[in-house]
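S.K.: The structure file data27.txt (compact mmCIF, C-alpha atoms) is provided below.
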```txt
# COMPACT_ATOMS: atom_id res chain seq x y z
CA MET A 110 107.04 164.63 103.70
CA ILE A 111 105.97 162.88 100.54
CA ARG A 112 106.75 159.19 100.61
CA SER A 113 108.09 157.46 97.58
CA PHE A 114 106.41 154.45 96.07
CA GLY A 115 108.74 151.66 97.10
CA GLN A 116 108.76 148.12 98.34
CA ALA A 117 106.84 148.82 101.54
CA GLU A 118 104.02 150.46 99.61
CA PHE A 119 103.95 147.62 97.12
CA LEU A 120 103.72 145.04 99.90
CA TYR A 121 100.92 147.09 101.48
CA LEU A 122 98.94 146.87 98.23
CA LEU A 123 99.66 143.18 97.94
CA ALA A 124 98.44 142.63 101.49
CA ALA A 125 95.25 144.59 100.75
CA ALA A 126 94.61 142.30 97.79
CA ARG A 127 93.76 139.47 100.19
CA TRP A 128 90.62 141.47 101.08
CA THR A 129 89.76 141.61 97.41
CA VAL A 130 90.10 137.84 97.28
CA ALA A 131 88.12 137.39 100.50
CA LEU A 132 85.32 139.67 99.28
CA SER A 133 85.17 137.82 95.97
CA LEU A 134 84.87 134.48 97.74
CA ILE A 135 82.24 135.77 100.17
CA GLY A 136 80.26 137.36 97.34
CA PHE A 137 80.51 134.17 95.33
CA ALA A 138 79.36 131.99 98.22
CA GLY A 139 76.37 134.22 98.98
CA GLY A 140 75.61 134.70 95.30
CA ALA A 141 75.84 130.97 94.62
CA ALA A 142 73.32 130.16 97.37
CA LEU A 143 70.90 132.82 96.14
CA GLY A 144 71.58 132.03 92.46
CA LEU A 145 70.84 128.34 92.93
CA VAL A 146 67.50 129.12 94.59
CA LEU A 147 66.65 131.58 91.80
CA ALA A 148 67.66 129.17 89.04
CA VAL A 149 65.57 126.34 90.50
CA MET A 150 62.62 128.69 91.04
CA ARG A 151 63.02 129.98 87.50
CA THR A 152 62.74 126.46 86.07
CA SER A 153 60.05 125.18 88.47
CA ALA A 154 56.58 124.12 87.44
CA SER A 155 54.87 126.81 89.51
CA LYS A 156 53.93 129.94 87.59
CA TRP A 157 54.23 132.08 90.74
CA LEU A 158 57.73 130.91 91.61
CA ARG A 159 58.86 131.42 88.02
CA GLY A 160 57.33 134.90 87.89
CA LEU A 161 58.90 135.88 91.20
CA ALA A 162 62.35 134.71 90.07
CA VAL A 163 62.00 136.49 86.71
CA ALA A 164 61.02 139.75 88.41
CA TRP A 165 63.77 139.45 91.02
CA ILE A 166 66.48 138.83 88.42
CA ALA A 167 65.20 141.59 86.11
CA LEU A 168 65.11 144.08 88.98
CA PHE A 169 68.53 143.31 90.41
CA GLN A 170 70.18 143.24 86.98
CA CYS A 171 68.85 146.77 86.41
CA VAL A 172 70.21 148.35 89.59
CA PRO A 173 73.87 149.43 89.56
CA LEU A 174 75.97 147.51 92.09
CA LEU A 175 77.01 150.85 93.59
CA MET A 176 73.34 151.62 94.36
CA LEU A 177 72.93 148.19 95.96
CA LEU A 178 75.95 148.92 98.14
CA PHE A 179 74.56 152.29 99.21
CA LEU A 180 71.07 150.94 99.82
CA VAL A 181 72.29 148.07 102.00
CA PHE A 182 74.84 150.27 103.77
CA PHE A 183 72.37 153.03 104.64
CA GLY A 184 69.45 150.64 105.00
CA LEU A 185 71.22 148.69 107.76
CA ALA A 186 72.00 151.97 109.52
CA LEU A 187 68.35 152.94 109.29
CA TYR A 188 67.30 149.84 111.16
CA GLY A 189 69.60 150.51 114.06
CA ARG A 190 72.66 148.60 112.89
CA ASP A 191 76.10 150.15 112.95
CA GLN A 192 77.33 151.36 109.61
CA ASN A 193 79.34 148.23 109.15
CA PRO A 194 80.88 148.01 105.69
CA TYR A 195 81.68 144.29 106.11
CA ILE A 196 78.04 143.25 106.40
CA ALA A 197 76.84 145.76 103.81
CA VAL A 198 79.39 144.63 101.22
CA THR A 199 78.65 140.96 101.88
CA ILE A 200 74.91 141.42 101.40
CA ALA A 201 75.18 143.71 98.38
CA LEU A 202 77.72 141.51 96.55
CA SER A 203 75.59 138.43 97.25
CA LEU A 204 72.45 140.11 95.89
CA TYR A 205 74.37 141.24 92.81
CA ALA A 206 76.08 137.90 92.17
CA GLY A 207 72.88 135.98 92.93
CA ALA A 208 70.93 137.72 90.17
CA TYR A 209 73.59 137.07 87.52
CA LEU A 210 74.44 133.52 88.63
CA GLY A 211 70.72 132.71 88.81
CA GLU A 212 70.32 133.74 85.19
CA ILE A 213 73.46 131.87 84.06
CA TRP A 214 72.41 128.70 85.85
CA ARG A 215 68.84 128.91 84.59
CA GLY A 216 70.28 128.83 81.07
CA ALA A 217 72.38 125.80 81.98
CA ILE A 218 69.43 123.94 83.51
CA GLN A 219 67.26 124.66 80.49
CA ALA A 220 70.01 123.58 78.12
CA VAL A 221 69.85 120.02 79.49
CA PRO A 222 67.80 118.15 76.86
CA LYS A 223 64.15 117.62 77.77
CA GLY A 224 64.43 113.91 77.02
CA GLN A 225 66.58 113.59 80.15
CA THR A 226 63.77 114.85 82.38
CA GLU A 227 61.23 112.71 80.58
CA GLY A 228 63.47 109.68 80.88
CA ALA A 229 63.90 110.27 84.61
CA LYS A 230 60.14 110.62 84.99
CA ALA A 231 59.58 107.39 83.07
CA LEU A 232 61.97 105.67 85.46
CA GLY A 233 59.75 106.79 88.33
CA LEU A 234 62.02 109.47 89.81
CA HIS A 235 60.11 112.26 91.48
CA ARG A 236 60.75 115.93 90.73
CA GLY A 237 63.39 116.49 93.42
CA GLN A 238 65.31 113.37 92.45
CA THR A 239 65.15 114.28 88.77
CA MET A 240 66.65 117.68 89.54
CA ARG A 241 69.29 116.39 91.93
CA LEU A 242 70.35 113.21 90.15
CA VAL A 243 69.74 113.89 86.47
CA VAL A 244 69.45 117.57 85.56
CA LEU A 245 71.83 119.39 87.91
CA PRO A 246 74.89 117.14 87.34
CA GLN A 247 74.60 117.79 83.59
CA ALA A 248 73.78 121.47 84.04
CA VAL A 249 76.89 121.97 86.19
CA ARG A 250 79.12 120.97 83.29
CA LEU A 251 77.46 123.53 81.05
CA ALA A 252 77.46 126.19 83.75
CA ILE A 253 81.15 126.09 84.69
CA PRO A 254 82.65 128.24 81.87
CA PRO A 255 80.19 131.17 82.18
CA THR A 256 80.37 130.96 85.98
CA VAL A 257 84.16 131.30 85.90
CA GLY A 258 83.69 134.20 83.47
CA PHE A 259 81.32 135.89 85.89
CA LEU A 260 83.85 135.45 88.72
CA VAL A 261 86.08 137.89 86.82
CA GLN A 262 83.29 140.49 86.98
CA LEU A 263 82.87 139.79 90.66
CA VAL A 264 86.58 140.20 91.47
CA LYS A 265 86.68 143.51 89.57
CA ASN A 266 83.47 144.76 91.13
CA THR A 267 84.74 144.23 94.66
CA SER A 268 86.64 147.46 93.90
CA LEU A 269 83.36 149.33 94.45
CA ALA A 270 83.50 148.34 98.12
CA SER A 271 86.21 151.00 98.45
CA ILE A 272 83.56 153.68 97.88
CA ILE A 273 81.73 152.82 101.09
CA GLY A 274 85.00 152.67 102.99
CA PHE A 275 86.07 149.05 102.80
CA ALA A 276 89.87 148.77 102.88
CA GLU A 277 90.48 146.43 99.96
CA LEU A 278 92.95 146.80 97.11
CA THR A 279 91.38 149.86 95.46
CA GLN A 280 91.07 151.78 98.69
CA ALA A 281 94.59 150.82 99.66
CA SER A 282 95.83 152.17 96.34
CA GLN A 283 93.94 155.44 96.89
CA PHE A 284 95.54 155.65 100.32
CA VAL A 285 99.03 155.00 98.95
CA ASN A 286 98.42 157.56 96.20
CA ASN A 287 97.48 160.16 98.80
CA LEU A 288 100.81 159.56 100.55
CA THR A 289 103.05 159.35 97.49
CA PHE A 290 101.31 161.52 94.87
CA ARG A 291 102.44 159.05 92.23
CA PRO A 292 99.08 158.07 90.68
CA ILE A 293 100.43 156.30 87.62
CA PRO A 294 102.78 153.80 89.29
CA VAL A 295 100.37 153.27 92.18
CA TYR A 296 97.24 152.62 90.12
CA LEU A 297 99.16 150.63 87.51
CA THR A 298 100.42 148.40 90.29
CA ALA A 299 96.88 147.95 91.59
CA ALA A 300 95.73 147.21 88.04
CA ALA A 301 98.53 144.65 87.66
CA ILE A 302 97.46 142.90 90.87
CA TYR A 303 93.84 142.77 89.67
CA PHE A 304 95.09 141.49 86.33
CA ALA A 305 97.06 138.74 88.05
CA LEU A 306 93.88 137.70 89.87
CA CYS A 307 91.53 137.96 86.89
CA PHE A 308 93.52 136.85 83.87
CA PRO A 309 93.92 133.20 84.95
CA LEU A 310 90.13 133.11 85.44
CA THR A 311 89.43 134.70 82.02
CA TRP A 312 91.89 132.34 80.41
CA SER A 313 90.47 129.20 81.96
CA ALA A 314 86.89 130.33 81.26
CA GLY A 315 87.77 130.62 77.56
CA ARG A 316 89.55 127.28 77.56
CA LEU A 317 86.71 125.49 79.34
CA GLU A 318 84.21 127.00 76.95
CA ARG A 319 86.15 125.93 73.86
CA ARG A 320 86.52 122.43 75.26
CA LEU A 321 82.82 122.20 76.01
CA LEU A 322 81.91 123.59 72.58
CA SER A 323 84.15 121.17 70.75
CA ARG A 324 82.66 118.26 72.70
CA VAL A 325 79.03 119.32 72.38
CA GLY A 326 79.52 120.73 68.86
CA GLY A 327 81.24 117.55 67.72
CA ALA A 328 78.22 115.53 68.75
CA THR A 329 75.47 117.72 67.31
CA ARG A 330 77.03 119.47 64.33
CA GLY A 331 78.92 116.38 63.25
CA MET B 55 64.30 151.51 116.64
CA LYS B 56 61.35 152.73 114.67
CA THR B 57 61.97 154.80 111.61
CA THR B 58 59.64 156.15 109.02
CA LEU B 59 60.71 156.69 105.47
CA GLN B 60 60.18 160.22 104.23
CA PHE B 61 60.36 160.66 100.52
CA GLY B 62 59.07 164.23 100.57
CA PRO B 63 62.42 166.08 100.70
CA VAL B 64 63.84 163.75 98.04
CA LEU B 65 60.97 164.11 95.63
CA ALA B 66 61.02 167.89 96.13
CA ALA B 67 64.38 167.85 94.32
CA TRP B 68 63.05 165.82 91.38
CA ASP B 69 64.26 168.34 88.81
CA ARG B 70 67.90 167.96 89.94
CA LEU B 71 67.64 164.18 89.92
CA LEU B 72 66.20 164.29 86.41
CA GLU B 73 69.08 166.53 85.31
CA GLY B 74 71.45 163.92 86.69
CA ALA B 75 69.55 161.14 84.91
CA TRP B 76 69.78 163.12 81.68
CA LEU B 77 73.56 163.42 82.00
CA THR B 78 73.77 159.68 82.78
CA LEU B 79 71.78 158.95 79.64
CA GLN B 80 73.85 161.32 77.48
CA LEU B 81 77.14 159.94 78.84
CA SER B 82 75.97 156.37 78.31
CA LEU B 83 74.70 156.91 74.78
CA ALA B 84 77.87 158.78 73.76
CA CYS B 85 80.07 156.04 75.18
CA MET B 86 77.99 153.29 73.59
CA ALA B 87 78.50 154.98 70.20
CA ALA B 88 82.23 155.54 70.79
CA GLY B 89 82.68 152.06 72.26
CA PHE B 90 80.83 150.56 69.32
CA ALA B 91 83.12 152.36 66.84
CA ILE B 92 86.28 151.38 68.74
CA GLY B 93 85.10 147.81 69.23
CA THR B 94 84.08 147.24 65.61
CA LEU B 95 87.39 148.61 64.30
CA CYS B 96 89.35 146.51 66.77
CA ALA B 97 87.33 143.39 65.97
CA PHE B 98 88.14 143.81 62.27
CA ALA B 99 91.80 144.47 63.07
CA ALA B 100 91.87 141.35 65.22
CA THR B 101 90.32 139.10 62.57
CA PHE B 102 91.63 140.51 59.30
CA GLY B 103 94.55 142.71 60.33
CA ARG B 104 98.25 141.97 60.45
CA THR B 105 99.65 139.96 63.33
CA THR B 106 100.92 143.08 65.09
CA ALA B 107 97.52 144.77 64.94
CA ALA B 108 95.81 141.62 66.16
CA ARG B 109 98.28 141.37 69.05
CA LEU B 110 97.79 144.99 70.04
CA VAL B 111 94.03 144.50 70.07
CA ARG B 112 94.49 141.39 72.24
CA VAL B 113 96.58 143.35 74.75
CA TYR B 114 94.00 146.18 74.84
CA VAL B 115 91.07 143.82 75.32
CA GLU B 116 92.71 141.69 78.02
CA ALA B 117 94.11 144.70 79.90
CA ILE B 118 90.69 146.34 80.07
CA ARG B 119 88.63 143.24 80.72
CA ASN B 120 90.82 142.03 83.57
CA THR B 121 91.10 145.25 85.58
CA PRO B 122 88.34 147.17 87.39
CA PHE B 123 86.74 150.13 85.68
CA LEU B 124 87.30 152.18 88.84
CA ILE B 125 91.09 151.76 88.58
CA GLN B 126 90.99 152.64 84.85
CA LEU B 127 89.06 155.77 85.74
CA PHE B 128 91.59 156.75 88.44
CA LEU B 129 94.44 156.27 85.96
CA ILE B 130 92.74 158.60 83.49
CA PHE B 131 91.53 161.21 85.95
CA PHE B 132 94.41 161.27 88.46
CA GLY B 133 97.18 159.72 86.37
CA LEU B 134 96.98 161.61 83.07
CA PRO B 135 97.45 165.08 84.65
CA SER B 136 100.94 164.02 85.79
CA LEU B 137 101.68 163.40 82.10
CA GLY B 138 100.35 166.85 81.25
CA VAL B 139 96.87 165.81 80.09
CA ALA B 140 94.31 167.17 82.54
CA LEU B 141 90.71 166.22 81.83
CA ASP B 142 87.64 167.55 83.58
CA PRO B 143 85.50 164.88 85.30
CA VAL B 144 82.95 164.54 82.48
CA SER B 145 85.63 164.20 79.77
CA ALA B 146 87.55 161.70 81.90
CA ALA B 147 84.32 159.73 82.35
CA LEU B 148 83.66 159.83 78.60
CA VAL B 149 87.16 158.59 77.78
CA GLY B 150 87.15 155.93 80.49
CA MET B 151 83.72 154.56 79.66
CA SER B 152 84.38 154.52 75.90
CA VAL B 153 87.72 152.76 76.22
CA ASN B 154 86.16 150.26 78.63
CA CYS B 155 83.09 149.65 76.48
CA GLY B 156 85.24 149.30 73.35
CA ALA B 157 87.09 146.31 74.77
CA TYR B 158 83.88 144.39 75.47
CA VAL B 159 82.38 145.34 72.10
CA THR B 160 85.56 144.04 70.41
CA GLU B 161 85.00 140.61 71.89
CA ILE B 162 81.29 140.56 71.04
CA VAL B 163 81.72 141.73 67.43
CA ARG B 164 84.70 139.40 66.95
CA ALA B 165 82.51 136.47 67.95
CA GLY B 166 79.90 137.75 65.47
CA ILE B 167 82.48 137.94 62.67
CA LEU B 168 83.69 134.42 63.45
CA SER B 169 80.10 133.18 63.18
CA VAL B 170 79.89 134.30 59.53
CA PRO B 171 80.46 131.15 57.46
CA GLN B 172 83.75 131.23 55.56
CA GLY B 173 81.97 129.97 52.43
CA GLN B 174 79.83 133.11 52.36
CA VAL B 175 82.94 135.30 52.10
CA GLU B 176 84.48 133.02 49.47
CA ALA B 177 81.26 133.08 47.46
CA ALA B 178 81.23 136.89 47.55
CA ARG B 179 84.87 136.97 46.41
CA ALA B 180 84.07 134.49 43.63
CA LEU B 181 81.36 136.88 42.47
CA ALA B 182 84.13 139.50 42.21
CA LEU B 183 82.68 141.82 44.83
CA ARG B 184 85.04 144.55 45.94
CA THR B 185 86.69 143.96 49.33
CA SER B 186 84.91 146.98 50.82
CA LEU B 187 81.56 145.56 49.69
CA VAL B 188 82.40 142.11 51.00
CA ILE B 189 83.35 143.56 54.38
CA ARG B 190 80.24 145.70 54.58
CA HIS B 191 77.50 143.45 53.27
CA VAL B 192 78.84 139.95 53.69
CA VAL B 193 80.74 140.21 56.96
CA LEU B 194 79.74 143.28 58.94
CA VAL B 195 75.95 143.21 58.64
CA PRO B 196 75.49 139.49 59.42
CA ALA B 197 78.11 139.74 62.19
CA LEU B 198 76.30 142.64 63.82
CA ARG B 199 72.97 140.91 63.49
CA GLN B 200 74.48 137.95 65.33
CA ALA B 201 76.03 140.23 67.95
CA ALA B 202 72.98 142.45 68.52
CA PRO B 203 71.53 140.78 71.64
CA ALA B 204 74.91 140.63 73.39
CA LEU B 205 75.65 144.24 72.39
CA GLY B 206 72.34 145.38 73.88
CA GLY B 207 73.16 143.62 77.14
CA GLN B 208 76.63 145.16 77.19
CA PHE B 209 75.26 148.66 76.56
CA ILE B 210 72.93 148.32 79.54
CA LEU B 211 75.93 147.34 81.66
CA VAL B 212 77.68 150.49 80.39
CA MET B 213 74.76 152.62 81.59
CA LEU B 214 74.68 150.91 84.99
CA GLY B 215 78.46 151.11 85.27
CA SER B 216 78.35 154.86 84.66
CA SER B 217 77.26 155.29 88.31
CA VAL B 218 80.91 154.67 89.18
CA VAL B 219 82.02 157.94 87.55
CA SER B 220 80.38 159.73 90.50
CA THR B 221 83.64 158.94 92.36
CA ILE B 222 85.51 161.48 90.21
CA SER B 223 82.58 163.88 90.77
CA ALA B 224 81.14 163.85 87.28
CA GLU B 225 77.67 165.15 88.13
CA GLU B 226 75.53 162.33 86.81
CA LEU B 227 72.65 160.63 88.58
CA THR B 228 74.60 158.97 91.41
CA ALA B 229 76.57 162.13 92.14
CA ARG B 230 73.31 164.10 92.31
CA GLY B 231 72.18 161.49 94.80
CA HIS B 232 75.28 162.17 96.94
CA ILE B 233 74.60 165.90 96.95
CA LEU B 234 70.97 165.40 97.84
CA GLU B 235 71.95 162.96 100.57
CA THR B 236 74.16 165.54 102.30
CA GLU B 237 71.39 168.14 102.06
CA THR B 238 68.49 166.03 103.27
CA PHE B 239 70.23 163.50 105.56
CA ARG B 240 67.90 160.89 104.06
CA PRO B 241 70.39 158.62 102.29
CA PHE B 242 68.18 155.55 102.14
CA GLU B 243 65.25 157.36 100.54
CA VAL B 244 67.56 159.21 98.14
CA TYR B 245 69.18 156.02 96.89
CA ILE B 246 65.86 154.17 96.64
CA VAL B 247 64.64 156.90 94.27
CA VAL B 248 67.97 156.97 92.39
CA ALA B 249 67.97 153.17 92.06
CA LEU B 250 64.43 153.25 90.69
CA ILE B 251 65.48 155.85 88.10
CA TYR B 252 68.30 153.50 87.03
CA VAL B 253 65.80 150.64 86.74
CA ALA B 254 63.57 152.86 84.57
CA LEU B 255 66.54 153.86 82.38
CA ALA B 256 67.63 150.23 82.01
CA PHE B 257 64.13 149.10 81.03
CA GLY B 258 63.84 152.03 78.60
CA LEU B 259 67.12 151.05 76.95
CA LYS B 260 66.05 147.39 76.81
CA LEU B 261 62.87 148.40 74.97
CA LEU B 262 64.86 150.68 72.66
CA PHE B 263 67.34 147.92 71.73
CA ALA B 264 64.58 145.37 71.26
CA GLY B 265 62.83 147.84 68.94
CA LEU B 266 66.02 148.58 66.99
CA GLU B 267 66.80 144.90 66.63
CA HIS B 268 63.28 144.22 65.45
CA ALA B 269 63.42 147.07 62.92
CA ALA B 270 66.80 145.91 61.61
CA LEU B 271 65.52 142.34 61.22
CA ALA B 272 62.37 143.50 59.44
CA ARG B 273 64.43 145.59 57.04
CA GLY B 274 67.21 143.09 56.44
CA GLY B 275 65.03 139.98 56.41
CA ARG B 276 65.70 136.99 58.59
CA ARG B 277 68.56 134.78 57.69
```
Could you rewrite the structure in this file as structure tokens?

M.R.:
Amino acid sequence: MIRSFGQAEFLYLLAAARWTVALSLIGFAGGAALGLVLAVMRTSASKWLRGLAVAWIALFQCVPLLMLLFLVFFGLALYGRDQNPYIAVTIALSLYAGAYLGEIWRGAIQAVPKGQTEGAKALGLHRGQTMRLVVLPQAVRLAIPPTVGFLVQLVKNTSLASIIGFAELTQASQFVNNLTFRPIPVYLTAAAIYFALCFPLTWSAGRLERRLLSRVGGATRG
Amino acid sequence: MKTTLQFGPVLAAWDRLLEGAWLTLQLSLACMAAGFAIGTLCAFAATFGRTTAARLVRVYVEAIRNTPFLIQLFLIFFGLPSLGVALDPVSAALVGMSVNCGAYVTEIVRAGILSVPQGQVEAARALALRTSLVIRHVVLVPALRQAAPALGGQFILVMLGSSVVSTISAEELTARGHILETETFRPFEVYIVVALIYVALAFGLKLLFAGLEHAALARGGRR
């Protein structure tokens, strides 16, 4: 019997969306840790650390997320792990998010005026203190709008986890479609749920950016 | 457990992987061109068009940018047939990727248009240039020059994102990887090779865009 697309199916999709949210948060946490390391390496004084971070970011920004998912998924299996989509998705999303966040945050760190670093040095702060007390607090302000913008990409890209068998919103919608054969209402509903998750982020990213621009622009452009 | 990687069976099928890479490249270039056309038109409609046109563009851009490409692809490939429009996988991929790319290009070109100083347009009008000339030489060219780096980045994302169309069995690079995986039972090696081909394609495109940008700047002169 073909089921119809009703309230139960809608609630099933809505329930699956919590995995989309969870994956986004996990990917963001892992990506933030990796991204911070990359951004600091990328702006360090050591040529080797900088080169390593540049190469890492360039490489991971040139591999499709789907390939990262497959490589981690099958790579873990190769080394005797179970084919566990949870771990594979966590690692792959973190690698993906780390490369992009690292690049975004590098830009933010470098956008902090050089005089700030020099001033901190003149005051006798050592490198770590300069970073922690002077540069990063200012960089964070600059980094927030593009970071929120990237979160939208991350939320949408968790949909790829469905391809390696992770039961999040996209896979749930495929499942419901297979039961109901009503692709348009089913996928439009899934799209609407994604939209409800992403649009507030897009909107606030734009707002934060305009606010930052008007503040910074007001000071420099006069 | 000790395992050894064996690339032999994968590399033996190099011609099929290259075929897949060729389709990936063709698909991506076609969708970049289509997305660029859609995006530029929409950006002009959004900045200079009537309120209704601007609103429609807004709805298009926000709907695409805030939903996953995979869901858009499913709507086109599985949804459209129930409305009587059945597309084969490659056409569905072309439509999906172009529509998706167009939305991002709209935003990038719109930002470029907004960066053109208003005084420049007014000066051109004061010199009695025809509207079509003003749009072409005073708005479009400087706007695109401004937008070029972001457009290049977006186009590379389009190419990388095309791997997703393997889910509707369009036989591009990733799909060739799937087939090879089931034949050789060497998924890790297959996807290492496929990933490296993507890296090569992305670097190739980066060089191409840098070259194009450089050529355009040399011809048009720096502002």

S.K.: With all atoms listed in the file as the basis for distance, which of B:Thr238, B:Thr101, B:Thr221, B:Ser136 is at the shortest distance from Gly166 in chain B?

M.R.: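 Distance minimum relative to Gly166 in chain B lands on B:Thr101.
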
S.K.: If you count all atoms listed in the file, which residues fall within 12 Å of Leu147 in chain A, apart from same-chain ones fewer than 6 positions away, as a list in words?

M.R.: Gly140, Ala141, Ser153, Leu158, Arg159, Gly160, Leu161, Ala162, Val163, Ala164, Trp165, Ile166, Ala167, Phe169, Leu204, Ala206, Gly207, Ala208, Tyr209, Leu210, Gly211, Glu212, Ile213, Trp214, Arg215, Gly216 and Ile218 of chain A

S.K.: Skip Leu260 in chain A itself and residues of its chain fewer than 4 positions away, then list as a compact mmCIF listing (two decimals) with C-alpha atoms, in the frame of the given file all residues within 8 Å of it, counting only C-alpha atoms.

M.R.:
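In the end it all went to around_5.txt:
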```
# COMPACT_ATOMS: atom_id res chain seq x y z
CA SER A 133 85.17 137.82 95.97
CA PHE A 137 80.51 134.17 95.33
CA THR A 256 80.37 130.96 85.98
CA VAL A 264 86.58 140.20 91.47
CA LEU A 310 90.13 133.11 85.44
```

S.K.: Which of these residues is nearest to chain A, using only C-alpha atoms: B:Ile210, B:Cys155, B:Ala201, B:Val188?

M.R.: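 Using only C-alpha atoms, the shortest distance to chain A belongs to B:Ile210.
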
S.K.: When you get a sec, could you note down which chain A residues fall within 8 Å of chain B, using all atoms listed in the file, as a short mmCIF file (atom, residue, chain, number, x, y, z; two decimals) with C-alpha atoms, in the coordinates of the input?

M.R.:
```
data_model
loop_
_atom_site.label_atom_id
_atom_site.label_comp_id
_atom_site.auth_asym_id
_atom_site.auth_seq_id
_atom_site.Cartn_x
_atom_site.Cartn_y
_atom_site.Cartn_z
CA LEU A 168 65.11 144.08 88.98
CA CYS A 171 68.85 146.77 86.41
CA VAL A 172 70.21 148.35 89.59
CA PRO A 173 73.87 149.43 89.56
CA LEU A 174 75.97 147.51 92.09
CA LEU A 175 77.01 150.85 93.59
CA MET A 176 73.34 151.62 94.36
CA PHE A 179 74.56 152.29 99.21
CA LEU A 180 71.07 150.94 99.82
CA PHE A 183 72.37 153.03 104.64
CA GLY A 184 69.45 150.64 105.00
CA LEU A 187 68.35 152.94 109.29
CA TYR A 188 67.30 149.84 111.16
CA GLY A 189 69.60 150.51 114.06
CA VAL A 261 86.08 137.89 86.82
CA LYS A 265 86.68 143.51 89.57
CA ASN A 266 83.47 144.76 91.13
CA SER A 268 86.64 147.46 93.90
CA LEU A 269 83.36 149.33 94.45
CA ILE A 272 83.56 153.68 97.88
CA THR A 279 91.38 149.86 95.46
CA ARG A 291 102.44 159.05 92.23
CA PRO A 292 99.08 158.07 90.68
CA ILE A 293 100.43 156.30 87.62
CA TYR A 296 97.24 152.62 90.12
CA LEU A 297 99.16 150.63 87.51
CA ALA A 299 96.88 147.95 91.59
CA ALA A 300 95.73 147.21 88.04
CA ALA A 301 98.53 144.65 87.66
CA TYR A 303 93.84 142.77 89.67
CA PHE A 304 95.09 141.49 86.33
CA CYS A 307 91.53 137.96 86.89
CA PHE A 308 93.52 136.85 83.87
CA THR A 311 89.43 134.70 82.02
#
```

S.K.: Could you pull the residues within 10 Å of range 111-115 of chain A, counting all atoms listed in the file, minus those fewer than 6 positions along the same chain, as an mmCIF file with C-alpha atoms, in the frame of the given file?

M.R.:
```cif
data_model
loop_
_atom_site.group_PDB
_atom_site.id
_atom_site.type_symbol
_atom_site.label_atom_id
_atom_site.label_comp_id
_atom_site.auth_asym_id
_atom_site.auth_seq_id
_atom_site.Cartn_x
_atom_site.Cartn_y
_atom_site.Cartn_z
ATOM 1 C CA VAL A 285 99.030 155.000 98.950
ATOM 2 C CA ASN A 286 98.420 157.560 96.200
ATOM 3 C CA ASN A 287 97.480 160.160 98.800
ATOM 4 C CA LEU A 288 100.810 159.560 100.550
ATOM 5 C CA THR A 289 103.050 159.350 97.490
ATOM 6 C CA PHE A 290 101.310 161.520 94.870
ATOM 7 C CA ARG A 291 102.440 159.050 92.230
ATOM 8 C CA PRO A 292 99.080 158.070 90.680
ATOM 9 C CA PRO A 294 102.780 153.800 89.290
ATOM 10 C CA VAL A 295 100.370 153.270 92.180
#
```

S.K.: Work out how far CA of Ser169 in chain B is from CA of Val193 in chain B, in Å to one decimal.

M.R.: 9.4 Å

S.K.: Smallest atom-to-atom distance to Gly136 in chain A: which of A:Asn193, A:Phe284, A:Tyr205, A:Leu178, using all atoms listed in the file?

M.R.: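 Once distances to Gly136 in chain A are computed over all atoms listed in the file, the minimum belongs to A:Tyr205.
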
S.K.: So, with all atoms listed in the file as the atoms that count, which of B:Ser82, B:Thr160, B:Phe90, B:Phe102 lies closest to Val115 in chain B?

M.R.: B:Thr160

S.K.: Quote the spacing between CA of Leu83 in chain B and CA of Ala229 in chain B in Å to one decimal place.

M.R.: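 CA of Leu83 in chain B sits 18.2 Å away from CA of Ala229 in chain B.
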
S.K.: Find, counting only C-alpha atoms, the residue in B:Glu161, B:Thr185, B:Ile167, B:Glu237 that gets nearest to Gly315 in chain A.

M.R.: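 Closest to Gly315 in chain A, using only C-alpha atoms: B:Glu161.
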